[in-house]
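Student: As input, take protein01.cif (mmCIF, N, CA and C atoms):
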```
data_run
#
loop_
_atom_site.label_atom_id
_atom_site.label_comp_id
_atom_site.auth_asym_id
_atom_site.auth_seq_id
_atom_site.Cartn_x
_atom_site.Cartn_y
_atom_site.Cartn_z
N MET S 5 12.91 14.89 2.45
CA MET S 5 11.59 14.33 2.17
C MET S 5 11.49 12.93 2.79
N LEU S 6 10.40 12.67 3.49
CA LEU S 6 10.18 11.36 4.09
C LEU S 6 9.82 10.35 3.02
N ALA S 7 10.39 9.18 3.11
CA ALA S 7 10.09 8.12 2.14
C ALA S 7 8.68 7.58 2.33
N ILE S 8 8.24 7.48 3.59
CA ILE S 8 6.88 7.01 3.89
C ILE S 8 6.16 8.13 4.62
N LYS S 9 5.09 8.62 4.02
CA LYS S 9 4.34 9.73 4.60
C LYS S 9 3.12 9.20 5.33
N ASP S 10 2.77 9.85 6.43
CA ASP S 10 1.58 9.49 7.19
C ASP S 10 0.32 10.06 6.54
N ILE S 11 -0.73 9.26 6.55
CA ILE S 11 -2.07 9.73 6.18
C ILE S 11 -2.84 9.81 7.48
N SER S 12 -3.37 10.99 7.78
CA SER S 12 -4.01 11.17 9.08
C SER S 12 -5.51 11.42 9.02
N THR S 13 -6.07 11.65 7.83
CA THR S 13 -7.51 11.88 7.75
C THR S 13 -8.09 11.11 6.57
N GLN S 14 -9.38 10.87 6.63
CA GLN S 14 -10.05 10.16 5.54
C GLN S 14 -10.06 10.99 4.27
N SER S 15 -10.22 12.30 4.37
CA SER S 15 -10.23 13.15 3.17
C SER S 15 -8.85 13.16 2.50
N GLU S 16 -7.79 13.15 3.30
CA GLU S 16 -6.44 13.07 2.75
C GLU S 16 -6.26 11.73 2.02
N TYR S 17 -6.72 10.65 2.63
CA TYR S 17 -6.64 9.32 2.03
C TYR S 17 -7.38 9.30 0.69
N GLU S 18 -8.61 9.79 0.66
CA GLU S 18 -9.41 9.79 -0.57
C GLU S 18 -8.76 10.62 -1.66
N SER S 19 -8.19 11.75 -1.29
CA SER S 19 -7.50 12.62 -2.25
C SER S 19 -6.30 11.92 -2.85
N LEU S 20 -5.52 11.23 -2.02
CA LEU S 20 -4.34 10.51 -2.51
C LEU S 20 -4.72 9.35 -3.42
N VAL S 21 -5.80 8.65 -3.10
CA VAL S 21 -6.26 7.56 -3.97
C VAL S 21 -6.65 8.12 -5.33
N ASP S 22 -7.33 9.26 -5.35
CA ASP S 22 -7.70 9.88 -6.62
C ASP S 22 -6.49 10.25 -7.45
N GLU S 23 -5.39 10.62 -6.81
CA GLU S 23 -4.18 11.00 -7.51
C GLU S 23 -3.50 9.83 -8.21
N THR S 24 -3.85 8.60 -7.87
CA THR S 24 -3.22 7.45 -8.51
C THR S 24 -3.66 7.29 -9.97
N ASN S 25 -4.58 8.12 -10.40
CA ASN S 25 -4.97 8.09 -11.81
C ASN S 25 -3.85 8.58 -12.72
N SER S 26 -2.80 9.15 -12.15
CA SER S 26 -1.65 9.62 -12.93
C SER S 26 -0.81 8.47 -13.47
N GLY S 27 -1.03 7.25 -12.97
CA GLY S 27 -0.30 6.09 -13.45
C GLY S 27 0.79 5.59 -12.52
N LYS S 28 1.13 6.35 -11.50
CA LYS S 28 2.14 5.90 -10.54
C LYS S 28 1.46 5.08 -9.45
N ILE S 29 2.12 4.04 -9.01
CA ILE S 29 1.58 3.14 -8.00
C ILE S 29 1.66 3.82 -6.63
N MET S 30 0.66 3.58 -5.81
CA MET S 30 0.67 4.05 -4.43
C MET S 30 0.56 2.84 -3.51
N ILE S 31 1.47 2.75 -2.54
CA ILE S 31 1.46 1.68 -1.55
C ILE S 31 1.02 2.30 -0.23
N VAL S 32 0.00 1.73 0.40
CA VAL S 32 -0.45 2.20 1.70
C VAL S 32 -0.27 1.06 2.70
N MET S 33 0.55 1.34 3.71
CA MET S 33 0.82 0.36 4.76
C MET S 33 -0.10 0.66 5.95
N PHE S 34 -0.87 -0.33 6.37
CA PHE S 34 -1.70 -0.22 7.57
C PHE S 34 -0.92 -0.86 8.71
N TYR S 35 -0.76 -0.11 9.80
CA TYR S 35 0.09 -0.57 10.89
C TYR S 35 -0.45 -0.08 12.23
N ALA S 36 0.16 -0.55 13.29
CA ALA S 36 -0.09 -0.04 14.64
C ALA S 36 1.27 0.00 15.35
N ASN S 37 1.45 0.99 16.20
CA ASN S 37 2.72 1.13 16.91
C ASN S 37 3.02 -0.08 17.80
N TRP S 38 1.99 -0.77 18.26
CA TRP S 38 2.18 -1.93 19.14
C TRP S 38 2.45 -3.22 18.36
N CYS S 39 2.37 -3.17 17.05
CA CYS S 39 2.52 -4.37 16.20
C CYS S 39 4.00 -4.76 16.09
N GLY S 40 4.33 -5.95 16.59
CA GLY S 40 5.70 -6.45 16.56
C GLY S 40 6.31 -6.51 15.16
N PRO S 41 5.62 -7.12 14.17
CA PRO S 41 6.19 -7.16 12.82
C PRO S 41 6.43 -5.77 12.22
N TYR S 42 5.55 -4.81 12.55
CA TYR S 42 5.76 -3.44 12.08
C TYR S 42 7.03 -2.86 12.69
N LYS S 43 7.15 -2.99 14.02
CA LYS S 43 8.32 -2.43 14.70
C LYS S 43 9.61 -3.08 14.21
N ALA S 44 9.55 -4.36 13.91
CA ALA S 44 10.75 -5.08 13.46
C ALA S 44 11.15 -4.72 12.03
N SER S 45 10.21 -4.27 11.22
CA SER S 45 10.51 -4.08 9.80
C SER S 45 10.47 -2.63 9.32
N ILE S 46 10.04 -1.69 10.14
CA ILE S 46 9.83 -0.33 9.64
C ILE S 46 11.11 0.30 9.08
N SER S 47 12.26 0.06 9.67
CA SER S 47 13.48 0.67 9.13
C SER S 47 13.81 0.09 7.74
N GLN S 48 13.59 -1.21 7.56
CA GLN S 48 13.82 -1.83 6.25
C GLN S 48 12.80 -1.36 5.22
N ILE S 49 11.55 -1.21 5.64
CA ILE S 49 10.50 -0.74 4.74
C ILE S 49 10.77 0.71 4.33
N SER S 50 11.23 1.52 5.26
CA SER S 50 11.57 2.92 4.94
C SER S 50 12.70 2.97 3.92
N LYS S 51 13.69 2.12 4.08
CA LYS S 51 14.80 2.05 3.12
C LYS S 51 14.28 1.61 1.74
N LEU S 52 13.42 0.61 1.72
CA LEU S 52 12.82 0.14 0.47
C LEU S 52 12.04 1.26 -0.20
N ALA S 53 11.26 2.00 0.58
CA ALA S 53 10.48 3.12 0.04
C ALA S 53 11.39 4.16 -0.61
N SER S 54 12.51 4.44 0.01
CA SER S 54 13.47 5.39 -0.57
C SER S 54 14.04 4.86 -1.88
N GLU S 55 14.36 3.58 -1.92
CA GLU S 55 14.92 2.97 -3.12
C GLU S 55 13.93 2.97 -4.29
N LEU S 56 12.66 2.83 -3.97
CA LEU S 56 11.64 2.68 -5.02
C LEU S 56 10.79 3.93 -5.26
N GLU S 57 11.23 5.09 -4.76
CA GLU S 57 10.39 6.27 -4.87
C GLU S 57 10.16 6.72 -6.31
N ASP S 58 10.97 6.25 -7.27
CA ASP S 58 10.70 6.55 -8.68
C ASP S 58 9.59 5.67 -9.25
N LYS S 59 9.27 4.56 -8.58
CA LYS S 59 8.24 3.63 -9.04
C LYS S 59 6.90 3.82 -8.35
N CYS S 60 6.93 4.26 -7.09
CA CYS S 60 5.68 4.34 -6.34
C CYS S 60 5.78 5.32 -5.18
N TYR S 61 4.62 5.70 -4.69
CA TYR S 61 4.51 6.53 -3.49
C TYR S 61 4.22 5.60 -2.32
N PHE S 62 4.84 5.84 -1.18
CA PHE S 62 4.58 5.06 0.03
C PHE S 62 3.89 5.93 1.06
N TYR S 63 2.82 5.39 1.65
CA TYR S 63 2.11 6.06 2.74
C TYR S 63 1.84 5.03 3.82
N LYS S 64 1.54 5.52 5.02
CA LYS S 64 1.16 4.61 6.09
C LYS S 64 -0.01 5.20 6.86
N ILE S 65 -0.85 4.28 7.36
CA ILE S 65 -2.03 4.65 8.13
C ILE S 65 -2.00 3.89 9.44
N ASN S 66 -2.03 4.61 10.53
CA ASN S 66 -2.08 4.01 11.86
C ASN S 66 -3.53 3.57 12.11
N VAL S 67 -3.74 2.28 12.28
CA VAL S 67 -5.10 1.76 12.38
C VAL S 67 -5.82 2.20 13.67
N THR S 68 -5.07 2.44 14.73
CA THR S 68 -5.70 2.86 15.98
C THR S 68 -6.14 4.32 15.93
N GLU S 69 -5.52 5.10 15.07
CA GLU S 69 -5.88 6.51 14.92
C GLU S 69 -6.84 6.75 13.76
N ASN S 70 -7.00 5.78 12.89
CA ASN S 70 -7.84 5.93 11.69
C ASN S 70 -8.74 4.71 11.52
N GLU S 71 -9.60 4.52 12.48
CA GLU S 71 -10.44 3.32 12.49
C GLU S 71 -11.41 3.26 11.32
N GLU S 72 -11.92 4.39 10.88
CA GLU S 72 -12.88 4.40 9.78
C GLU S 72 -12.24 3.94 8.47
N ILE S 73 -11.06 4.46 8.16
CA ILE S 73 -10.36 4.03 6.94
C ILE S 73 -10.03 2.54 7.03
N THR S 74 -9.58 2.12 8.19
CA THR S 74 -9.24 0.71 8.41
C THR S 74 -10.45 -0.18 8.17
N ARG S 75 -11.60 0.23 8.67
CA ARG S 75 -12.83 -0.54 8.49
C ARG S 75 -13.23 -0.56 7.02
N LEU S 76 -13.19 0.59 6.37
CA LEU S 76 -13.58 0.66 4.96
C LEU S 76 -12.69 -0.19 4.06
N CYS S 77 -11.42 -0.28 4.42
CA CYS S 77 -10.46 -1.07 3.62
C CYS S 77 -10.42 -2.54 4.05
N GLN S 78 -11.21 -2.90 5.04
CA GLN S 78 -11.34 -4.28 5.52
C GLN S 78 -9.99 -4.85 5.96
N ILE S 79 -9.26 -4.07 6.73
CA ILE S 79 -7.95 -4.51 7.23
C ILE S 79 -8.16 -5.29 8.53
N ILE S 80 -7.66 -6.52 8.57
CA ILE S 80 -7.81 -7.34 9.78
C ILE S 80 -6.48 -7.89 10.29
N ILE S 81 -5.44 -7.87 9.45
CA ILE S 81 -4.12 -8.37 9.84
C ILE S 81 -3.10 -7.26 9.61
N LEU S 82 -2.16 -7.14 10.55
CA LEU S 82 -1.13 -6.10 10.43
C LEU S 82 0.24 -6.74 10.31
N PRO S 83 1.13 -6.12 9.56
CA PRO S 83 0.85 -5.02 8.63
C PRO S 83 0.21 -5.54 7.34
N THR S 84 -0.62 -4.73 6.76
CA THR S 84 -1.22 -5.01 5.46
C THR S 84 -0.90 -3.85 4.53
N TYR S 85 -0.56 -4.19 3.30
CA TYR S 85 -0.25 -3.18 2.29
C TYR S 85 -1.30 -3.24 1.20
N LEU S 86 -1.90 -2.10 0.88
CA LEU S 86 -2.80 -2.01 -0.27
C LEU S 86 -2.04 -1.31 -1.38
N VAL S 87 -2.16 -1.85 -2.59
CA VAL S 87 -1.50 -1.28 -3.76
C VAL S 87 -2.58 -0.65 -4.62
N TYR S 88 -2.41 0.65 -4.90
CA TYR S 88 -3.40 1.40 -5.67
C TYR S 88 -2.81 1.83 -7.01
N MET S 89 -3.69 1.83 -8.02
CA MET S 89 -3.38 2.42 -9.30
C MET S 89 -4.69 2.74 -9.99
N GLY S 90 -4.73 3.82 -10.69
CA GLY S 90 -5.94 4.19 -11.40
C GLY S 90 -7.13 4.43 -10.48
N GLY S 91 -6.85 4.85 -9.25
CA GLY S 91 -7.92 5.13 -8.30
C GLY S 91 -8.54 3.90 -7.67
N LYS S 92 -7.92 2.73 -7.88
CA LYS S 92 -8.47 1.48 -7.36
C LYS S 92 -7.40 0.67 -6.65
N VAL S 93 -7.84 -0.20 -5.75
CA VAL S 93 -6.95 -1.17 -5.15
C VAL S 93 -6.70 -2.26 -6.19
N ILE S 94 -5.42 -2.53 -6.47
CA ILE S 94 -5.10 -3.60 -7.42
C ILE S 94 -4.47 -4.80 -6.73
N ASP S 95 -4.09 -4.65 -5.47
CA ASP S 95 -3.52 -5.78 -4.75
C ASP S 95 -3.57 -5.51 -3.26
N MET S 96 -3.67 -6.57 -2.49
CA MET S 96 -3.58 -6.51 -1.03
C MET S 96 -2.50 -7.52 -0.64
N ILE S 97 -1.49 -7.02 0.07
CA ILE S 97 -0.36 -7.86 0.47
C ILE S 97 -0.37 -7.91 2.00
N VAL S 98 -0.61 -9.08 2.54
CA VAL S 98 -0.80 -9.24 3.99
C VAL S 98 0.48 -9.78 4.62
N ALA S 99 1.01 -9.00 5.58
CA ALA S 99 2.18 -9.38 6.39
C ALA S 99 3.31 -9.97 5.55
N PRO S 100 3.79 -9.23 4.53
CA PRO S 100 4.83 -9.79 3.67
C PRO S 100 6.22 -9.62 4.27
N GLY S 101 7.14 -10.42 3.78
CA GLY S 101 8.54 -10.18 4.03
C GLY S 101 9.00 -9.08 3.09
N LEU S 102 10.17 -8.55 3.32
CA LEU S 102 10.68 -7.45 2.52
C LEU S 102 10.82 -7.82 1.05
N GLU S 103 11.37 -8.99 0.76
CA GLU S 103 11.55 -9.40 -0.64
C GLU S 103 10.22 -9.62 -1.35
N LYS S 104 9.26 -10.18 -0.65
CA LYS S 104 7.94 -10.39 -1.25
C LYS S 104 7.30 -9.05 -1.61
N LEU S 105 7.43 -8.06 -0.71
CA LEU S 105 6.88 -6.74 -0.98
C LEU S 105 7.59 -6.11 -2.17
N ARG S 106 8.91 -6.19 -2.20
CA ARG S 106 9.67 -5.63 -3.33
C ARG S 106 9.26 -6.30 -4.64
N ASN S 107 9.14 -7.63 -4.65
CA ASN S 107 8.76 -8.35 -5.86
C ASN S 107 7.37 -7.94 -6.35
N LYS S 108 6.44 -7.76 -5.43
CA LYS S 108 5.09 -7.34 -5.81
C LYS S 108 5.09 -5.94 -6.42
N ILE S 109 5.85 -5.04 -5.82
CA ILE S 109 5.93 -3.68 -6.35
C ILE S 109 6.56 -3.70 -7.74
N ASP S 110 7.64 -4.44 -7.91
CA ASP S 110 8.27 -4.56 -9.23
C ASP S 110 7.30 -5.14 -10.25
N TYR S 111 6.56 -6.17 -9.85
CA TYR S 111 5.59 -6.78 -10.75
C TYR S 111 4.55 -5.76 -11.22
N HIS S 112 3.97 -5.04 -10.27
CA HIS S 112 2.93 -4.07 -10.64
C HIS S 112 3.50 -2.92 -11.45
N HIS S 113 4.71 -2.52 -11.16
CA HIS S 113 5.34 -1.45 -11.93
C HIS S 113 5.55 -1.88 -13.38
N LYS S 114 5.96 -3.12 -13.59
CA LYS S 114 6.23 -3.63 -14.95
C LYS S 114 4.94 -3.96 -15.72
N HIS S 115 3.88 -4.30 -15.00
CA HIS S 115 2.65 -4.77 -15.65
C HIS S 115 1.47 -3.83 -15.42
N THR S 116 1.71 -2.54 -15.43
CA THR S 116 0.65 -1.60 -15.07
C THR S 116 -0.56 -1.68 -15.99
N LYS S 117 -0.36 -1.75 -17.29
CA LYS S 117 -1.50 -1.78 -18.20
C LYS S 117 -2.27 -3.09 -18.05
N ARG S 118 -1.56 -4.19 -17.96
CA ARG S 118 -2.21 -5.48 -17.79
C ARG S 118 -2.97 -5.52 -16.45
N THR S 119 -2.36 -4.97 -15.42
CA THR S 119 -2.98 -4.96 -14.10
C THR S 119 -4.26 -4.13 -14.12
N GLN S 120 -4.23 -2.97 -14.78
CA GLN S 120 -5.42 -2.13 -14.85
C GLN S 120 -6.53 -2.84 -15.61
N LYS S 121 -6.20 -3.52 -16.70
CA LYS S 121 -7.19 -4.25 -17.47
C LYS S 121 -7.79 -5.38 -16.62
N TYR S 122 -6.93 -6.12 -15.93
CA TYR S 122 -7.38 -7.20 -15.07
C TYR S 122 -8.24 -6.68 -13.94
N ASN S 123 -7.89 -5.54 -13.41
CA ASN S 123 -8.58 -4.98 -12.26
C ASN S 123 -10.03 -4.62 -12.57
N ASN S 124 -10.36 -4.39 -13.84
CA ASN S 124 -11.74 -4.07 -14.18
C ASN S 124 -12.67 -5.22 -13.85
N ALA S 125 -12.15 -6.44 -13.87
CA ALA S 125 -12.97 -7.61 -13.58
C ALA S 125 -12.88 -8.02 -12.11
N ASN S 126 -11.76 -7.71 -11.45
CA ASN S 126 -11.52 -8.17 -10.08
C ASN S 126 -10.95 -7.01 -9.29
N PRO S 127 -11.63 -6.55 -8.24
CA PRO S 127 -11.17 -5.35 -7.54
C PRO S 127 -9.76 -5.47 -6.98
N TYR S 128 -9.37 -6.62 -6.46
CA TYR S 128 -8.00 -6.82 -6.04
C TYR S 128 -7.75 -8.28 -5.73
N THR S 129 -6.46 -8.61 -5.71
CA THR S 129 -6.08 -9.95 -5.32
C THR S 129 -5.50 -9.85 -3.93
N ILE S 130 -5.57 -10.91 -3.19
CA ILE S 130 -5.01 -10.93 -1.84
C ILE S 130 -3.83 -11.88 -1.83
N THR S 131 -2.69 -11.38 -1.34
CA THR S 131 -1.47 -12.18 -1.26
C THR S 131 -1.07 -12.33 0.18
N TYR S 132 -0.91 -13.55 0.63
CA TYR S 132 -0.46 -13.82 2.01
C TYR S 132 0.98 -14.26 1.99
#
```
Rewrite the coordinates I just gave you, this time as structure tokens.
Tutor:
Amino acid sequence: MLAIKDISTQSEYESLVDETNSGKIMIVMFYANWCGPYKASISQISKLASELEDKCYFYKINVTENEEITRLCQIIILPTYLVYMGGKVIDMIVAPGLEKLRNKIDYHHKHTKRTQKYNNANPYTITY
């Protein structure tokens, strides 16, 4: 089983977002094959995804192949990670280092109820 699965269509993306109502966190990485930070970190991110597969699902979206999803999610910097829970974006993490990404995932995993309550007032926070 791949630790990070590709999302290739908008309907697949929408279906996966709906599935986050189960309570498990979903991380979606927006990337491009030409992106230097993506190329430099993908092996580490894949390892992290394998380590954390009990806490969250990892997916990736190629921005050059999925322009509509990229536009709808307002992605302007690569790589960007959107964190979903309860069918909503609860966090946006822009160009993080590996430890920052791990810390954010751990935080959201530990504070899921608080995050969902907070999210009702604020669609997401942006972390640079």
Student: Starting from the PyMOL selection byres (((chain S and resi 56-63 and name CA) around 8) and name CA), expand the selection into actual residues of this file and give them as an mmCIF file with N, CA and C atoms, in the coordinates of the input.
Tutor:
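Below is the file that was written, part_17.cif:
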```
data_model
loop_
_atom_site.group_PDB
_atom_site.id
_atom_site.type_symbol
_atom_site.label_atom_id
_atom_site.label_comp_id
_atom_site.auth_asym_id
_atom_site.auth_seq_id
_atom_site.Cartn_x
_atom_site.Cartn_y
_atom_site.Cartn_z
ATOM 1 N N ALA S 7 10.390 9.180 3.110
ATOM 2 C CA ALA S 7 10.090 8.120 2.140
ATOM 3 C C ALA S 7 8.680 7.580 2.330
ATOM 4 N N ILE S 8 8.240 7.480 3.590
ATOM 5 C CA ILE S 8 6.880 7.010 3.890
ATOM 6 C C ILE S 8 6.160 8.130 4.620
ATOM 7 N N LYS S 9 5.090 8.620 4.020
ATOM 8 C CA LYS S 9 4.340 9.730 4.600
ATOM 9 C C LYS S 9 3.120 9.200 5.330
ATOM 10 N N ASP S 10 2.770 9.850 6.430
ATOM 11 C CA ASP S 10 1.580 9.490 7.190
ATOM 12 C C ASP S 10 0.320 10.060 6.540
ATOM 13 N N ILE S 11 -0.730 9.260 6.550
ATOM 14 C CA ILE S 11 -2.070 9.730 6.180
ATOM 15 C C ILE S 11 -2.840 9.810 7.480
ATOM 16 N N LYS S 28 1.130 6.350 -11.500
ATOM 17 C CA LYS S 28 2.140 5.900 -10.540
ATOM 18 C C LYS S 28 1.460 5.080 -9.450
ATOM 19 N N ILE S 29 2.120 4.040 -9.010
ATOM 20 C CA ILE S 29 1.580 3.140 -8.000
ATOM 21 C C ILE S 29 1.660 3.820 -6.630
ATOM 22 N N MET S 30 0.660 3.580 -5.810
ATOM 23 C CA MET S 30 0.670 4.050 -4.430
ATOM 24 C C MET S 30 0.560 2.840 -3.510
ATOM 25 N N ILE S 31 1.470 2.750 -2.540
ATOM 26 C CA ILE S 31 1.460 1.680 -1.550
ATOM 27 C C ILE S 31 1.020 2.300 -0.230
ATOM 28 N N VAL S 32 0.000 1.730 0.400
ATOM 29 C CA VAL S 32 -0.450 2.200 1.700
ATOM 30 C C VAL S 32 -0.270 1.060 2.700
ATOM 31 N N MET S 33 0.550 1.340 3.710
ATOM 32 C CA MET S 33 0.820 0.360 4.760
ATOM 33 C C MET S 33 -0.100 0.660 5.950
ATOM 34 N N LEU S 52 13.420 0.610 1.720
ATOM 35 C CA LEU S 52 12.820 0.140 0.470
ATOM 36 C C LEU S 52 12.040 1.260 -0.200
ATOM 37 N N ALA S 53 11.260 2.000 0.580
ATOM 38 C CA ALA S 53 10.480 3.120 0.040
ATOM 39 C C ALA S 53 11.390 4.160 -0.610
ATOM 40 N N SER S 54 12.510 4.440 0.010
ATOM 41 C CA SER S 54 13.470 5.390 -0.570
ATOM 42 C C SER S 54 14.040 4.860 -1.880
ATOM 43 N N GLU S 55 14.360 3.580 -1.920
ATOM 44 C CA GLU S 55 14.920 2.970 -3.120
ATOM 45 C C GLU S 55 13.930 2.970 -4.290
ATOM 46 N N LYS S 64 1.540 5.520 5.020
ATOM 47 C CA LYS S 64 1.160 4.610 6.090
ATOM 48 C C LYS S 64 -0.010 5.200 6.860
ATOM 49 N N ILE S 65 -0.850 4.280 7.360
ATOM 50 C CA ILE S 65 -2.030 4.650 8.130
ATOM 51 C C ILE S 65 -2.000 3.890 9.440
ATOM 52 N N HIS S 113 4.710 -2.520 -11.160
ATOM 53 C CA HIS S 113 5.340 -1.450 -11.930
ATOM 54 C C HIS S 113 5.550 -1.880 -13.380
#
```
Student: DSSP on the backbone: what in chain S comes out strand (DSSP E), as a ChimeraX atom specification?
Tutor: /S:8-10,29-35,60-66,84-89,92-98,129-131
Student: Quick one, how far is atom CA of Asn25 of chain S from atom N of Lys108 of chain S?
Tutor: 20.5 Å
Student: Between S:Gln48, S:Phe34, S:Lys104, S:Lys43, which has the minimum distance to Tyr85 of chain S (counting only N, CA and C atoms)?
Tutor: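 Of the candidates, the smallest distance to Tyr85 of chain S is held by S:Phe34.
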Student: Could you spell out the hits of the PyMOL selection byres ((chain S and resi 83) around 8) on the shown file, as a list in words?
Tutor: Met33, Phe34, Tyr35, Ala36, Cys39, Gly40, Pro41, Tyr42, Ile80, Ile81, Leu82, Thr84, Tyr85, Leu86, Ile97, Val98, Ala99 and Pro100 of chain S
Student: Using all atoms listed in the file, which residues sit within 6 Å of Gly90 of chain S once same-chain residues fewer than 3 positions away are excluded, as a list in words?
Tutor: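 Skipping anything fewer than 3 positions along the chain leaves Thr24, Asn25, Ser26 and Gly27 of chain S.
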Student: Write the residues of the preceding selection, restricted to N, CA and C atoms, as an mmCIF file, in the coordinates of the input.
Tutor:
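Ended up saving to part_2.cif:
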```cif
data_model
loop_
_atom_site.group_PDB
_atom_site.id
_atom_site.type_symbol
_atom_site.label_atom_id
_atom_site.label_comp_id
_atom_site.auth_asym_id
_atom_site.auth_seq_id
_atom_site.Cartn_x
_atom_site.Cartn_y
_atom_site.Cartn_z
ATOM 1 N N THR S 24 -3.850 8.600 -7.870
ATOM 2 C CA THR S 24 -3.220 7.450 -8.510
ATOM 3 C C THR S 24 -3.660 7.290 -9.970
ATOM 4 N N ASN S 25 -4.580 8.120 -10.400
ATOM 5 C CA ASN S 25 -4.970 8.090 -11.810
ATOM 6 C C ASN S 25 -3.850 8.580 -12.720
ATOM 7 N N SER S 26 -2.800 9.150 -12.150
ATOM 8 C CA SER S 26 -1.650 9.620 -12.930
ATOM 9 C C SER S 26 -0.810 8.470 -13.470
ATOM 10 N N GLY S 27 -1.030 7.250 -12.970
ATOM 11 C CA GLY S 27 -0.300 6.090 -13.450
ATOM 12 C C GLY S 27 0.790 5.590 -12.520
#
```
Student: Edge lengths and centre in Å to one decimal, as lines of an AutoDock Vina configuration file, is what I'm after for the box along x, y and z that holds all listed atoms of segment 106-114 of chain S once 6 Å is added on each side.
Tutor:
```
center_x = 6.3
center_y = -4.9
center_z = -9.0
size_x = 18.7
size_y = 18.9
size_z = 25.5
```
Student: Which is closest to Met89 of chain S among S:Glu23, S:Ser15, S:Trp38, S:Ile73, if we use only N, CA and C atoms?
Tutor: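 Result for the nearest residue to Met89 of chain S: S:Glu23.
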Student: Need a file for segment 28-42 of chain S from that block: N, CA, C and O atoms, written as a PDB file, in the first residue's frame.
Tutor:
```pdb
ATOM      1  N   LYS S  28     -10.950  10.771  11.136  1.00  0.00           N
ATOM      2  CA  LYS S  28      -9.521  10.655  10.860  1.00  0.00           C
ATOM      3  C   LYS S  28      -9.080  11.849  10.023  1.00  0.00           C
ATOM      4  O   LYS S  28      -9.800  12.313   9.149  1.00  0.00           O
ATOM      5  N   ILE S  29      -7.898  12.341  10.299  1.00  0.00           N
ATOM      6  CA  ILE S  29      -7.355  13.503   9.605  1.00  0.00           C
ATOM      7  C   ILE S  29      -6.904  13.099   8.207  1.00  0.00           C
ATOM      8  O   ILE S  29      -6.383  12.013   8.000  1.00  0.00           O
ATOM      9  N   MET S  30      -7.096  13.991   7.254  1.00  0.00           N
ATOM     10  CA  MET S  30      -6.601  13.792   5.899  1.00  0.00           C
ATOM     11  C   MET S  30      -5.655  14.940   5.567  1.00  0.00           C
ATOM     12  O   MET S  30      -5.998  16.101   5.748  1.00  0.00           O
ATOM     13  N   ILE S  31      -4.458  14.594   5.097  1.00  0.00           N
ATOM     14  CA  ILE S  31      -3.464  15.574   4.675  1.00  0.00           C
ATOM     15  C   ILE S  31      -3.388  15.519   3.155  1.00  0.00           C
ATOM     16  O   ILE S  31      -3.186  14.449   2.583  1.00  0.00           O
ATOM     17  N   VAL S  32      -3.549  16.660   2.496  1.00  0.00           N
ATOM     18  CA  VAL S  32      -3.418  16.724   1.046  1.00  0.00           C
ATOM     19  C   VAL S  32      -2.252  17.645   0.716  1.00  0.00           C
ATOM     20  O   VAL S  32      -2.256  18.818   1.079  1.00  0.00           O
ATOM     21  N   MET S  33      -1.265  17.075   0.039  1.00  0.00           N
ATOM     22  CA  MET S  33      -0.085  17.830  -0.370  1.00  0.00           C
ATOM     23  C   MET S  33      -0.279  18.286  -1.818  1.00  0.00           C
ATOM     24  O   MET S  33      -0.525  17.474  -2.702  1.00  0.00           O
ATOM     25  N   PHE S  34      -0.168  19.581  -2.046  1.00  0.00           N
ATOM     26  CA  PHE S  34      -0.203  20.145  -3.394  1.00  0.00           C
ATOM     27  C   PHE S  34       1.239  20.341  -3.835  1.00  0.00           C
ATOM     28  O   PHE S  34       2.023  20.974  -3.119  1.00  0.00           O
ATOM     29  N   TYR S  35       1.575  19.800  -5.007  1.00  0.00           N
ATOM     30  CA  TYR S  35       2.966  19.794  -5.452  1.00  0.00           C
ATOM     31  C   TYR S  35       3.032  19.904  -6.973  1.00  0.00           C
ATOM     32  O   TYR S  35       2.017  19.824  -7.661  1.00  0.00           O
ATOM     33  N   ALA S  36       4.238  20.051  -7.465  1.00  0.00           N
ATOM     34  CA  ALA S  36       4.518  19.968  -8.908  1.00  0.00           C
ATOM     35  C   ALA S  36       5.845  19.226  -9.052  1.00  0.00           C
ATOM     36  O   ALA S  36       6.739  19.384  -8.214  1.00  0.00           O
ATOM     37  N   ASN S  37       5.956  18.442 -10.103  1.00  0.00           N
ATOM     38  CA  ASN S  37       7.185  17.673 -10.322  1.00  0.00           C
ATOM     39  C   ASN S  37       8.410  18.570 -10.491  1.00  0.00           C
ATOM     40  O   ASN S  37       9.521  18.164 -10.176  1.00  0.00           O
ATOM     41  N   TRP S  38       8.213  19.787 -10.960  1.00  0.00           N
ATOM     42  CA  TRP S  38       9.335  20.708 -11.180  1.00  0.00           C
ATOM     43  C   TRP S  38       9.726  21.468  -9.909  1.00  0.00           C
ATOM     44  O   TRP S  38      10.714  22.181  -9.887  1.00  0.00           O
ATOM     45  N   CYS S  39       8.967  21.310  -8.839  1.00  0.00           N
ATOM     46  CA  CYS S  39       9.192  22.058  -7.590  1.00  0.00           C
ATOM     47  C   CYS S  39      10.391  21.483  -6.826  1.00  0.00           C
ATOM     48  O   CYS S  39      10.368  20.328  -6.393  1.00  0.00           O
ATOM     49  N   GLY S  40      11.431  22.294  -6.654  1.00  0.00           N
ATOM     50  CA  GLY S  40      12.638  21.874  -5.956  1.00  0.00           C
ATOM     51  C   GLY S  40      12.389  21.379  -4.535  1.00  0.00           C
ATOM     52  O   GLY S  40      12.866  20.303  -4.163  1.00  0.00           O
ATOM     53  N   PRO S  41      11.650  22.142  -3.690  1.00  0.00           N
ATOM     54  CA  PRO S  41      11.393  21.666  -2.330  1.00  0.00           C
ATOM     55  C   PRO S  41      10.623  20.337  -2.297  1.00  0.00           C
ATOM     56  O   PRO S  41      10.860  19.500  -1.441  1.00  0.00           O
ATOM     57  N   TYR S  42       9.717  20.143  -3.263  1.00  0.00           N
ATOM     58  CA  TYR S  42       8.998  18.868  -3.341  1.00  0.00           C
ATOM     59  C   TYR S  42       9.971  17.735  -3.649  1.00  0.00           C
ATOM     60  O   TYR S  42       9.988  16.706  -2.970  1.00  0.00           O
TER      61      TYR S  42
END
```
